[in-house]
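Colleague: Structure provided below as structure tokens; questions to follow.
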Amino acid sequence: MLKLLKYEFFSMYRNRWVIFYFLFFFFTTLILFYFTKESIKVASTLLNIILLVIPLTSIVLGTIFLYDSRSFIELLLSQPIPRKSIYASKFIGMSFSLSVGFILGVFIPMLFFVNNLEIDFSLYLSVIISGVMMTLIFTSIAFLIGTVFEEKVKGFGAAIIIWLYVTIIYDGILLFIIIFFQEYPLEKPVLFLSLINPVDLARIFVVLQIDVSALLGYTGVIFKRFFETEMGIILSMSSMILWILIPFLLGLKIFSKKDF
């Protein structure tokens with residue numbers, strides 16, 4: 001397991017996409033700090049960018065990575081190596097590399113302005129945690145997709161559809177429900193619907209700590225009103241952990257029984 005992890009780490013850090021991923025967040029954060037000059041505005045803008053870029057990058061790169069590694073996986077399966085170790089090492093290597101690239105890309109520019117701006121480190125820590133959780137969630141979903149679908153085109157299509165759902169389609173469905181059933185009490189149903197969208201959960205985790213709940217729209221107002229205490233953070237974090245574990249365990253189970 002450790003040897004496989006070591007190989008995956010070195011392989012991922014030589015990947016030009018991981019380097020580009022780091023540079024994207026590095027220059028984006030640097031530009032935001034340079035032109036915005038306000039800590040909360042930088043965090044809010046960065047959050048919106050993170051919730052679009054990280055899910056797309058993680059789910060697409062994760063799916064492509066697993067398909068491109070198919071021949072190497074088949075070689076490993078011919079050796080006396082447990083299947084669970086192969087799957088887990090690839091998942092950890094991929095998600096860890098993307099997470100480190102994101103963390104460094106966001107954290108290093110912040111150090112350049114720490115003496116000139118009043119930076120709320122707890123707020124930026126929550127933004128970083130949300131980005132890491134998004135990376136783990138969508139890498140987990142990507143590996144499940146790559147395990148379920150044999151054909152690369154179908155897997156890639158499924159990855160794009162899932163990304164479109166959580167970032168665009170979900171908001172449209174929620175808006176339709178709110179308008180169509182506006183005469184009924186919708187607070188509890190909307191709270192439940194928030195749990196089935198990891199992107200919304202990540203927004204909630206950050207927005208609960210700042211007075212910009214409008215970023216979340218209707219769900220943000222409700223969640224802030226009912227869960228602006230520590231319970232809201234615990235609930236959102238617990239739900240995101242489930243979003244990581246459930247696809248990962250499903251993918252691991254399918255991978256363990258899959259006929260290559």
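Chain labels follow the order of the structure tokens: the first chain is A, the next B, and so on; residue numbering restarts at 1 in every chain, and ligands are counted from 1 in their shown order.
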Hey, what's within 12 Å of A:Thr57 if we count only C-alpha atoms and toss same-chain stuff fewer than 3 positions away? As a PDB file with N, CA and C atoms, in the first residue's frame, please?
Modeller:
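See part08.pdb below for the written result:
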```pdb
ATOM      1  N   TRP A  17      -1.303  18.821 -15.405  1.00  0.00           N
ATOM      2  CA  TRP A  17      -2.600  19.351 -15.007  1.00  0.00           C
ATOM      3  C   TRP A  17      -2.610  19.756 -13.538  1.00  0.00           C
ATOM      4  N   VAL A  18      -1.908  19.024 -12.695  1.00  0.00           N
ATOM      5  CA  VAL A  18      -1.823  19.383 -11.275  1.00  0.00           C
ATOM      6  C   VAL A  18      -1.051  20.688 -11.116  1.00  0.00           C
ATOM      7  N   PHE A  20      -0.784  23.074 -13.428  1.00  0.00           N
ATOM      8  CA  PHE A  20      -1.679  24.122 -13.937  1.00  0.00           C
ATOM      9  C   PHE A  20      -2.767  24.446 -12.913  1.00  0.00           C
ATOM     10  N   TYR A  21      -3.262  23.425 -12.227  1.00  0.00           N
ATOM     11  CA  TYR A  21      -4.289  23.596 -11.189  1.00  0.00           C
ATOM     12  C   TYR A  21      -3.778  24.496 -10.074  1.00  0.00           C
ATOM     13  N   PHE A  22      -2.535  24.258  -9.638  1.00  0.00           N
ATOM     14  CA  PHE A  22      -1.919  25.099  -8.610  1.00  0.00           C
ATOM     15  C   PHE A  22      -1.741  26.533  -9.097  1.00  0.00           C
ATOM     16  N   PHE A  24      -3.362  28.121 -11.415  1.00  0.00           N
ATOM     17  CA  PHE A  24      -4.657  28.791 -11.579  1.00  0.00           C
ATOM     18  C   PHE A  24      -5.110  29.420 -10.270  1.00  0.00           C
ATOM     19  N   ILE A  49     -15.701  30.833  -7.095  1.00  0.00           N
ATOM     20  CA  ILE A  49     -14.803  30.223  -8.078  1.00  0.00           C
ATOM     21  C   ILE A  49     -14.515  28.772  -7.707  1.00  0.00           C
ATOM     22  N   ILE A  50     -14.253  28.536  -6.431  1.00  0.00           N
ATOM     23  CA  ILE A  50     -13.940  27.190  -5.950  1.00  0.00           C
ATOM     24  C   ILE A  50     -15.085  26.226  -6.231  1.00  0.00           C
ATOM     25  N   LEU A  51     -16.310  26.674  -5.988  1.00  0.00           N
ATOM     26  CA  LEU A  51     -17.467  25.789  -6.119  1.00  0.00           C
ATOM     27  C   LEU A  51     -17.827  25.488  -7.566  1.00  0.00           C
ATOM     28  N   LEU A  52     -17.214  26.178  -8.514  1.00  0.00           N
ATOM     29  CA  LEU A  52     -17.374  25.837  -9.924  1.00  0.00           C
ATOM     30  C   LEU A  52     -16.192  25.043 -10.454  1.00  0.00           C
ATOM     31  N   VAL A  53     -14.981  25.486 -10.112  1.00  0.00           N
ATOM     32  CA  VAL A  53     -13.765  24.910 -10.697  1.00  0.00           C
ATOM     33  C   VAL A  53     -13.393  23.569 -10.069  1.00  0.00           C
ATOM     34  N   ILE A  54     -13.421  23.495  -8.737  1.00  0.00           N
ATOM     35  CA  ILE A  54     -12.960  22.277  -8.072  1.00  0.00           C
ATOM     36  C   ILE A  54     -13.837  21.063  -8.410  1.00  0.00           C
ATOM     37  N   VAL A  60     -13.644  15.451 -13.558  1.00  0.00           N
ATOM     38  CA  VAL A  60     -13.145  15.164 -14.915  1.00  0.00           C
ATOM     39  C   VAL A  60     -11.763  14.523 -14.859  1.00  0.00           C
ATOM     40  N   LEU A  61     -10.834  15.134 -14.119  1.00  0.00           N
ATOM     41  CA  LEU A  61      -9.490  14.568 -14.023  1.00  0.00           C
ATOM     42  C   LEU A  61      -9.500  13.202 -13.353  1.00  0.00           C
ATOM     43  N   GLY A  62     -10.349  13.036 -12.323  1.00  0.00           N
ATOM     44  CA  GLY A  62     -10.434  11.751 -11.643  1.00  0.00           C
ATOM     45  C   GLY A  62     -10.926  10.657 -12.566  1.00  0.00           C
ATOM     46  N   THR A  63     -11.942  10.974 -13.368  1.00  0.00           N
ATOM     47  CA  THR A  63     -12.483   9.980 -14.311  1.00  0.00           C
ATOM     48  C   THR A  63     -11.458   9.627 -15.382  1.00  0.00           C
ATOM     49  N   ILE A  64     -10.845  10.647 -15.980  1.00  0.00           N
ATOM     50  CA  ILE A  64      -9.841  10.405 -17.023  1.00  0.00           C
ATOM     51  C   ILE A  64      -8.642   9.648 -16.459  1.00  0.00           C
ATOM     52  N   PHE A  65      -8.215  10.021 -15.261  1.00  0.00           N
ATOM     53  CA  PHE A  65      -7.067   9.370 -14.630  1.00  0.00           C
ATOM     54  C   PHE A  65      -7.311   7.882 -14.432  1.00  0.00           C
ATOM     55  N   MET A  94      -4.610  10.738  -5.952  1.00  0.00           N
ATOM     56  CA  MET A  94      -5.265  11.750  -6.783  1.00  0.00           C
ATOM     57  C   MET A  94      -5.818  12.893  -5.935  1.00  0.00           C
ATOM     58  N   SER A  95      -6.590  12.553  -4.909  1.00  0.00           N
ATOM     59  CA  SER A  95      -7.232  13.586  -4.092  1.00  0.00           C
ATOM     60  C   SER A  95      -6.212  14.386  -3.290  1.00  0.00           C
ATOM     61  N   LEU A  98      -4.370  16.939  -5.711  1.00  0.00           N
ATOM     62  CA  LEU A  98      -5.229  18.079  -6.043  1.00  0.00           C
ATOM     63  C   LEU A  98      -5.445  18.976  -4.830  1.00  0.00           C
ATOM     64  N   SER A  99      -5.590  18.376  -3.654  1.00  0.00           N
ATOM     65  CA  SER A  99      -5.811  19.166  -2.439  1.00  0.00           C
ATOM     66  C   SER A  99      -4.592  20.012  -2.104  1.00  0.00           C
ATOM     67  N   PHE A 102      -4.342  22.919  -4.503  1.00  0.00           N
ATOM     68  CA  PHE A 102      -5.327  23.946  -4.171  1.00  0.00           C
ATOM     69  C   PHE A 102      -4.913  24.729  -2.918  1.00  0.00           C
ATOM     70  N   GLY A 131     -12.898  23.722   0.035  1.00  0.00           N
ATOM     71  CA  GLY A 131     -12.253  23.317  -1.213  1.00  0.00           C
ATOM     72  C   GLY A 131     -11.696  21.909  -1.140  1.00  0.00           C
ATOM     73  N   MET A 134     -14.594  19.460  -1.252  1.00  0.00           N
ATOM     74  CA  MET A 134     -15.090  19.337  -2.614  1.00  0.00           C
ATOM     75  C   MET A 134     -14.176  18.430  -3.451  1.00  0.00           C
ATOM     76  N   THR A 135     -12.879  18.573  -3.240  1.00  0.00           N
ATOM     77  CA  THR A 135     -11.923  17.728  -3.958  1.00  0.00           C
ATOM     78  C   THR A 135     -12.136  16.263  -3.621  1.00  0.00           C
ATOM     79  N   LEU A 136     -12.263  15.953  -2.345  1.00  0.00           N
ATOM     80  CA  LEU A 136     -12.457  14.565  -1.908  1.00  0.00           C
ATOM     81  C   LEU A 136     -13.787  14.013  -2.413  1.00  0.00           C
ATOM     82  N   ILE A 137     -14.844  14.823  -2.333  1.00  0.00           N
ATOM     83  CA  ILE A 137     -16.172  14.360  -2.744  1.00  0.00           C
ATOM     84  C   ILE A 137     -16.204  14.023  -4.228  1.00  0.00           C
ATOM     85  N   PHE A 138     -15.725  14.939  -5.056  1.00  0.00           N
ATOM     86  CA  PHE A 138     -15.865  14.731  -6.498  1.00  0.00           C
ATOM     87  C   PHE A 138     -14.802  13.789  -7.055  1.00  0.00           C
ATOM     88  N   THR A 139     -13.684  13.641  -6.368  1.00  0.00           N
ATOM     89  CA  THR A 139     -12.747  12.584  -6.759  1.00  0.00           C
ATOM     90  C   THR A 139     -13.348  11.232  -6.432  1.00  0.00           C
ATOM     91  N   ALA A 142     -15.862  10.563  -9.051  1.00  0.00           N
ATOM     92  CA  ALA A 142     -15.171  10.265 -10.310  1.00  0.00           C
ATOM     93  C   ALA A 142     -14.695   8.815 -10.336  1.00  0.00           C
ATOM     94  N   ALA A 159     -19.812  12.125 -15.864  1.00  0.00           N
ATOM     95  CA  ALA A 159     -19.123  13.099 -15.007  1.00  0.00           C
ATOM     96  C   ALA A 159     -19.603  14.517 -15.294  1.00  0.00           C
ATOM     97  N   ILE A 160     -19.744  14.863 -16.581  1.00  0.00           N
ATOM     98  CA  ILE A 160     -20.212  16.201 -16.948  1.00  0.00           C
ATOM     99  C   ILE A 160     -21.652  16.418 -16.504  1.00  0.00           C
ATOM    100  N   TRP A 163     -21.763  17.066 -12.788  1.00  0.00           N
ATOM    101  CA  TRP A 163     -21.282  18.420 -12.493  1.00  0.00           C
ATOM    102  C   TRP A 163     -22.340  19.462 -12.839  1.00  0.00           C
TER     103      TRP A 163
END
```
Colleague: Give me, as a ChimeraX atom specification, all polymer residues having an atom no more than 12 Å from A:Leu23, counting only C-alpha atoms and skipping those fewer than 2 positions away in the same chain.
Modeller: /A:16-21,25-30,98,100-106,108-109
Colleague: Could the residues in this selection be written to a file with C-alpha atoms, as a compact mmCIF listing (two decimals), in the first residue's frame?
Modeller:
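The new file result_20.txt reads:
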```
# COMPACT_ATOMS: atom_id res chain seq x y z
CA ARG A 16 1.10 19.04 -15.88
CA TRP A 17 -2.60 19.35 -15.01
CA VAL A 18 -1.82 19.38 -11.28
CA ILE A 19 0.79 22.11 -11.86
CA PHE A 20 -1.68 24.12 -13.94
CA TYR A 21 -4.29 23.60 -11.19
CA PHE A 25 -5.55 29.20 -7.90
CA PHE A 26 -2.27 30.96 -7.15
CA PHE A 27 -2.77 33.74 -9.71
CA THR A 28 -6.54 33.94 -9.14
CA THR A 29 -6.08 34.48 -5.39
CA LEU A 30 -3.21 36.88 -5.97
CA LEU A 98 -5.23 18.08 -6.04
CA VAL A 100 -2.19 20.18 -1.93
CA GLY A 101 -2.17 22.09 -5.21
CA PHE A 102 -5.33 23.95 -4.17
CA ILE A 103 -4.15 24.69 -0.61
CA LEU A 104 -0.78 26.05 -1.73
CA GLY A 105 -2.41 28.04 -4.54
CA VAL A 106 -4.74 29.78 -2.08
CA ILE A 108 0.76 31.36 -0.53
CA PRO A 109 -0.79 34.55 -2.07
```
Colleague: With a distance cut-off of 7 Å and only C-alpha atoms, select the neighbouring residues of stretch 166-176 of chain A, excluding the residue or stretch itself and same-chain residues fewer than 2 positions from it, and output the selection as a VMD selection string.
Modeller: chain A and resid 52 162 to 164 178 to 180 197 199
Colleague: Choose the residue, out of A:Leu242, A:Val206, A:Ile128, A:Leu4, that has the smallest atom-to-atom separation from A:Pro82; count only C-alpha atoms.
Modeller: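 Looking at the shortest contact to A:Pro82, the residue is A:Leu4.
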Colleague: Could you tell me which of A:Ser58, A:Leu47, A:Phe35, A:Ser89 comes closest to A:Glu8 if we count only C-alpha atoms?
Modeller: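 That would be A:Ser89, the residue with the smallest distance to A:Glu8.
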Colleague: Would you work out the distance separating atom CA of A:Ile59 from atom CA of A:Ser130, expressed in Å to one decimal?
Modeller: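 That distance, rounded to one decimal, is 15.8 Å.
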Colleague: Under the rule that only C-alpha atoms are counted, which of A:Arg70, A:Lys3, A:Lys84, A:Arg203 is the nearest residue to A:Gly251?
Modeller: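 Looking only at the distances to A:Gly251, the closest residue turns out to be A:Lys84.
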Colleague: Per DSSP on the backbone, filter stretch 80-170 of chain A down to the residues in helix (DSSP H, G or I) and report them as a compact mmCIF listing (two decimals) with N, CA, C and O atoms, in the first residue's frame.
Modeller:
```txt
# COMPACT_ATOMS: atom_id res chain seq x y z
N ARG A 83 -6.99 -5.83 -4.00
CA ARG A 83 -7.69 -4.86 -4.84
C ARG A 83 -8.00 -3.58 -4.08
O ARG A 83 -7.96 -2.48 -4.64
N LYS A 84 -8.36 -3.72 -2.81
CA LYS A 84 -8.68 -2.54 -2.01
C LYS A 84 -7.49 -1.60 -1.89
O LYS A 84 -7.65 -0.38 -1.88
N SER A 85 -6.29 -2.17 -1.81
CA SER A 85 -5.08 -1.35 -1.71
C SER A 85 -4.85 -0.56 -3.00
O SER A 85 -4.44 0.60 -2.96
N ILE A 86 -5.10 -1.19 -4.13
CA ILE A 86 -4.92 -0.52 -5.43
C ILE A 86 -5.90 0.65 -5.55
O ILE A 86 -5.52 1.77 -5.91
N TYR A 87 -7.17 0.39 -5.26
CA TYR A 87 -8.20 1.42 -5.39
C TYR A 87 -7.95 2.57 -4.42
O TYR A 87 -7.99 3.75 -4.81
N ALA A 88 -7.66 2.23 -3.16
CA ALA A 88 -7.46 3.26 -2.14
C ALA A 88 -6.22 4.10 -2.44
O ALA A 88 -6.23 5.33 -2.25
N SER A 89 -5.14 3.46 -2.90
CA SER A 89 -3.91 4.21 -3.17
C SER A 89 -4.11 5.20 -4.32
O SER A 89 -3.61 6.33 -4.27
N LYS A 90 -4.84 4.79 -5.33
CA LYS A 90 -5.09 5.69 -6.45
C LYS A 90 -5.99 6.86 -6.02
O LYS A 90 -5.77 8.00 -6.43
N PHE A 91 -7.00 6.57 -5.21
CA PHE A 91 -7.88 7.62 -4.74
C PHE A 91 -7.13 8.62 -3.85
O PHE A 91 -7.24 9.83 -4.03
N ILE A 92 -6.34 8.11 -2.91
CA ILE A 92 -5.60 8.98 -2.01
C ILE A 92 -4.57 9.81 -2.78
O ILE A 92 -4.40 11.00 -2.55
N GLY A 93 -3.86 9.16 -3.71
CA GLY A 93 -2.86 9.88 -4.50
C GLY A 93 -3.46 11.00 -5.31
O GLY A 93 -2.93 12.12 -5.34
N MET A 94 -4.61 10.74 -5.95
CA MET A 94 -5.27 11.75 -6.78
C MET A 94 -5.82 12.89 -5.93
O MET A 94 -5.56 14.08 -6.20
N SER A 95 -6.59 12.55 -4.91
CA SER A 95 -7.23 13.59 -4.09
C SER A 95 -6.21 14.39 -3.29
O SER A 95 -6.35 15.61 -3.13
N PHE A 96 -5.16 13.73 -2.79
CA PHE A 96 -4.14 14.43 -2.02
C PHE A 96 -3.37 15.43 -2.89
O PHE A 96 -3.10 16.56 -2.48
N SER A 97 -3.03 15.02 -4.10
CA SER A 97 -2.29 15.90 -5.01
C SER A 97 -3.10 17.14 -5.37
O SER A 97 -2.59 18.26 -5.35
N LEU A 98 -4.37 16.94 -5.71
CA LEU A 98 -5.23 18.08 -6.04
C LEU A 98 -5.45 18.98 -4.83
O LEU A 98 -5.47 20.20 -4.96
N SER A 99 -5.59 18.38 -3.65
CA SER A 99 -5.81 19.17 -2.44
C SER A 99 -4.59 20.01 -2.10
O SER A 99 -4.72 21.19 -1.75
N VAL A 100 -3.41 19.43 -2.22
CA VAL A 100 -2.19 20.18 -1.93
C VAL A 100 -2.00 21.31 -2.92
O VAL A 100 -1.63 22.44 -2.55
N GLY A 101 -2.27 21.05 -4.20
CA GLY A 101 -2.17 22.09 -5.21
C GLY A 101 -3.13 23.24 -4.92
O GLY A 101 -2.76 24.42 -5.06
N PHE A 102 -4.34 22.92 -4.50
CA PHE A 102 -5.33 23.95 -4.17
C PHE A 102 -4.91 24.73 -2.92
O PHE A 102 -4.97 25.96 -2.90
N ILE A 103 -4.51 24.03 -1.86
CA ILE A 103 -4.15 24.69 -0.61
C ILE A 103 -2.98 25.65 -0.81
O ILE A 103 -3.01 26.80 -0.36
N LEU A 104 -1.94 25.18 -1.48
CA LEU A 104 -0.78 26.05 -1.73
C LEU A 104 -1.15 27.23 -2.62
O LEU A 104 -0.69 28.35 -2.41
N GLY A 105 -2.00 26.97 -3.63
CA GLY A 105 -2.41 28.04 -4.54
C GLY A 105 -3.20 29.13 -3.86
O GLY A 105 -3.14 30.29 -4.26
N VAL A 106 -3.94 28.79 -2.82
CA VAL A 106 -4.74 29.78 -2.08
C VAL A 106 -3.96 30.39 -0.92
O VAL A 106 -4.08 31.59 -0.64
N PHE A 107 -3.14 29.59 -0.26
CA PHE A 107 -2.48 30.04 0.97
C PHE A 107 -1.27 30.93 0.71
O PHE A 107 -1.08 31.95 1.39
N ILE A 108 -0.47 30.59 -0.28
CA ILE A 108 0.76 31.36 -0.53
C ILE A 108 0.47 32.82 -0.89
O ILE A 108 1.10 33.73 -0.33
N PRO A 109 -0.49 33.12 -1.79
CA PRO A 109 -0.79 34.55 -2.07
C PRO A 109 -1.26 35.31 -0.84
O PRO A 109 -1.02 36.52 -0.72
N MET A 110 -1.98 34.61 0.06
CA MET A 110 -2.46 35.27 1.26
C MET A 110 -1.30 35.79 2.12
O MET A 110 -1.41 36.83 2.76
N LEU A 111 -0.17 35.08 2.12
CA LEU A 111 0.99 35.49 2.91
C LEU A 111 1.59 36.80 2.40
O LEU A 111 2.19 37.55 3.17
N PHE A 112 1.42 37.08 1.10
CA PHE A 112 1.96 38.31 0.53
C PHE A 112 1.25 39.55 1.06
O PHE A 112 1.82 40.64 1.09
N PHE A 121 -8.38 34.81 9.37
CA PHE A 121 -7.81 33.50 9.07
C PHE A 121 -8.81 32.37 9.27
O PHE A 121 -8.75 31.35 8.57
N SER A 122 -9.72 32.51 10.22
CA SER A 122 -10.73 31.46 10.44
C SER A 122 -11.66 31.36 9.22
O SER A 122 -12.07 30.26 8.83
N LEU A 123 -11.97 32.50 8.60
CA LEU A 123 -12.81 32.50 7.40
C LEU A 123 -12.09 31.82 6.25
O LEU A 123 -12.67 30.99 5.54
N TYR A 124 -10.81 32.17 6.07
CA TYR A 124 -10.06 31.54 4.97
C TYR A 124 -9.79 30.07 5.23
O TYR A 124 -9.71 29.27 4.29
N LEU A 125 -9.69 29.70 6.49
CA LEU A 125 -9.55 28.28 6.82
C LEU A 125 -10.81 27.51 6.42
O LEU A 125 -10.72 26.40 5.88
N SER A 126 -11.98 28.12 6.65
CA SER A 126 -13.23 27.46 6.24
C SER A 126 -13.33 27.35 4.73
O SER A 126 -13.84 26.36 4.20
N VAL A 127 -12.84 28.37 4.00
CA VAL A 127 -12.83 28.31 2.53
C VAL A 127 -11.91 27.18 2.06
O VAL A 127 -12.27 26.40 1.16
N ILE A 128 -10.74 27.06 2.68
CA ILE A 128 -9.79 26.00 2.31
C ILE A 128 -10.37 24.63 2.63
O ILE A 128 -10.26 23.69 1.82
N ILE A 129 -11.00 24.49 3.80
CA ILE A 129 -11.61 23.22 4.17
C ILE A 129 -12.71 22.84 3.18
O ILE A 129 -12.81 21.68 2.75
N SER A 130 -13.52 23.81 2.78
CA SER A 130 -14.58 23.54 1.80
C SER A 130 -13.99 23.08 0.47
O SER A 130 -14.51 22.14 -0.16
N GLY A 131 -12.90 23.72 0.04
CA GLY A 131 -12.25 23.32 -1.21
C GLY A 131 -11.70 21.91 -1.14
O GLY A 131 -11.82 21.12 -2.09
N VAL A 132 -11.09 21.57 -0.02
CA VAL A 132 -10.54 20.21 0.16
C VAL A 132 -11.67 19.18 0.18
O VAL A 132 -11.56 18.11 -0.43
N MET A 133 -12.76 19.51 0.87
CA MET A 133 -13.90 18.59 0.92
C MET A 133 -14.50 18.39 -0.47
O MET A 133 -14.87 17.27 -0.84
N MET A 134 -14.59 19.46 -1.25
CA MET A 134 -15.09 19.34 -2.61
C MET A 134 -14.18 18.43 -3.45
O MET A 134 -14.65 17.63 -4.26
N THR A 135 -12.88 18.57 -3.24
CA THR A 135 -11.92 17.73 -3.96
C THR A 135 -12.14 16.26 -3.62
O THR A 135 -12.19 15.40 -4.51
N LEU A 136 -12.26 15.95 -2.35
CA LEU A 136 -12.46 14.56 -1.91
C LEU A 136 -13.79 14.01 -2.41
O LEU A 136 -13.86 12.86 -2.87
N ILE A 137 -14.84 14.82 -2.33
CA ILE A 137 -16.17 14.36 -2.74
C ILE A 137 -16.20 14.02 -4.23
O ILE A 137 -16.63 12.93 -4.63
N PHE A 138 -15.73 14.94 -5.06
CA PHE A 138 -15.87 14.73 -6.50
C PHE A 138 -14.80 13.79 -7.05
O PHE A 138 -15.02 13.18 -8.11
N THR A 139 -13.68 13.64 -6.37
CA THR A 139 -12.75 12.58 -6.76
C THR A 139 -13.35 11.23 -6.43
O THR A 139 -13.22 10.27 -7.21
N SER A 140 -14.03 11.13 -5.30
CA SER A 140 -14.71 9.89 -4.92
C SER A 140 -15.79 9.54 -5.93
O SER A 140 -15.91 8.38 -6.36
N ILE A 141 -16.58 10.53 -6.35
CA ILE A 141 -17.61 10.30 -7.37
C ILE A 141 -16.98 9.92 -8.71
O ILE A 141 -17.48 9.04 -9.43
N ALA A 142 -15.86 10.56 -9.05
CA ALA A 142 -15.17 10.27 -10.31
C ALA A 142 -14.70 8.82 -10.34
O ALA A 142 -14.82 8.13 -11.36
N PHE A 143 -14.15 8.32 -9.24
CA PHE A 143 -13.68 6.95 -9.19
C PHE A 143 -14.84 5.96 -9.26
O PHE A 143 -14.71 4.89 -9.85
N LEU A 144 -15.97 6.33 -8.68
CA LEU A 144 -17.16 5.48 -8.80
C LEU A 144 -17.61 5.40 -10.24
O LEU A 144 -17.94 4.32 -10.75
N ILE A 145 -17.63 6.55 -10.93
CA ILE A 145 -18.02 6.58 -12.34
C ILE A 145 -17.06 5.74 -13.18
O ILE A 145 -17.48 4.93 -14.02
N GLY A 146 -15.76 5.92 -12.96
CA GLY A 146 -14.76 5.17 -13.73
C GLY A 146 -14.82 3.68 -13.48
O GLY A 146 -14.40 2.89 -14.33
N THR A 147 -15.34 3.28 -12.33
CA THR A 147 -15.47 1.86 -12.02
C THR A 147 -16.74 1.26 -12.60
O THR A 147 -16.74 0.12 -13.06
N VAL A 148 -17.81 2.04 -12.60
CA VAL A 148 -19.11 1.54 -13.07
C VAL A 148 -19.15 1.45 -14.59
O VAL A 148 -19.59 0.43 -15.15
N LYS A 152 -15.03 4.85 -21.88
CA LYS A 152 -14.54 6.15 -21.44
C LYS A 152 -15.50 7.27 -21.79
O LYS A 152 -15.69 8.21 -20.99
N VAL A 153 -16.13 7.20 -22.95
CA VAL A 153 -17.06 8.25 -23.39
C VAL A 153 -18.26 8.33 -22.46
O VAL A 153 -18.69 9.42 -22.06
N LYS A 154 -18.80 7.16 -22.09
CA LYS A 154 -19.95 7.14 -21.19
C LYS A 154 -19.57 7.68 -19.81
O LYS A 154 -20.32 8.42 -19.19
N GLY A 155 -18.40 7.28 -19.33
CA GLY A 155 -17.95 7.77 -18.03
C GLY A 155 -17.74 9.26 -18.02
O GLY A 155 -18.14 9.96 -17.07
N PHE A 156 -17.13 9.78 -19.08
CA PHE A 156 -16.89 11.22 -19.17
C PHE A 156 -18.22 11.98 -19.26
O PHE A 156 -18.39 13.02 -18.64
N GLY A 157 -19.16 11.43 -20.02
CA GLY A 157 -20.48 12.05 -20.13
C GLY A 157 -21.20 12.08 -18.79
O GLY A 157 -21.82 13.08 -18.44
N ALA A 158 -21.12 10.98 -18.05
CA ALA A 158 -21.75 10.92 -16.73
C ALA A 158 -21.13 11.94 -15.78
O ALA A 158 -21.82 12.58 -14.98
N ALA A 159 -19.81 12.13 -15.86
CA ALA A 159 -19.12 13.10 -15.01
C ALA A 159 -19.60 14.52 -15.29
O ALA A 159 -19.87 15.30 -14.37
N ILE A 160 -19.74 14.86 -16.58
CA ILE A 160 -20.21 16.20 -16.95
C ILE A 160 -21.65 16.42 -16.50
O ILE A 160 -22.01 17.50 -16.00
N ILE A 161 -22.50 15.39 -16.66
CA ILE A 161 -23.90 15.52 -16.26
C ILE A 161 -24.02 15.74 -14.75
O ILE A 161 -24.81 16.59 -14.30
N ILE A 162 -23.24 15.01 -13.97
CA ILE A 162 -23.28 15.18 -12.52
C ILE A 162 -22.81 16.58 -12.13
O ILE A 162 -23.41 17.23 -11.27
N TRP A 163 -21.76 17.07 -12.79
CA TRP A 163 -21.28 18.42 -12.49
C TRP A 163 -22.34 19.46 -12.84
O TRP A 163 -22.57 20.40 -12.06
N LEU A 164 -22.99 19.30 -13.99
CA LEU A 164 -24.05 20.23 -14.38
C LEU A 164 -25.20 20.20 -13.38
O LEU A 164 -25.78 21.23 -13.06
N TYR A 165 -25.50 19.00 -12.86
CA TYR A 165 -26.61 18.88 -11.91
C TYR A 165 -26.32 19.66 -10.63
O TYR A 165 -27.15 20.45 -10.18
N VAL A 166 -25.16 19.43 -10.04
CA VAL A 166 -24.89 20.02 -8.72
C VAL A 166 -24.62 21.52 -8.80
O VAL A 166 -24.79 22.23 -7.81
N THR A 167 -24.20 22.02 -9.95
CA THR A 167 -23.87 23.44 -10.05
C THR A 167 -24.95 24.29 -10.73
O THR A 167 -25.08 25.48 -10.41
N ILE A 168 -25.72 23.71 -11.64
CA ILE A 168 -26.71 24.49 -12.41
C ILE A 168 -28.12 23.92 -12.30
O ILE A 168 -29.06 24.60 -11.88
N ILE A 169 -28.28 22.65 -12.66
CA ILE A 169 -29.62 22.05 -12.72
C ILE A 169 -30.29 22.03 -11.35
O ILE A 169 -31.49 22.28 -11.23
N TYR A 170 -29.51 21.73 -10.32
CA TYR A 170 -30.06 21.66 -8.96
C TYR A 170 -30.72 22.98 -8.57
O TYR A 170 -31.83 22.98 -8.01
```
Colleague: For atom CA of A:Phe113 and atom CA of A:Lys37, determine how far apart the two atoms are, in Å to one decimal place.
Modeller: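 Distance reported for this atom pair: 9.1 Å.
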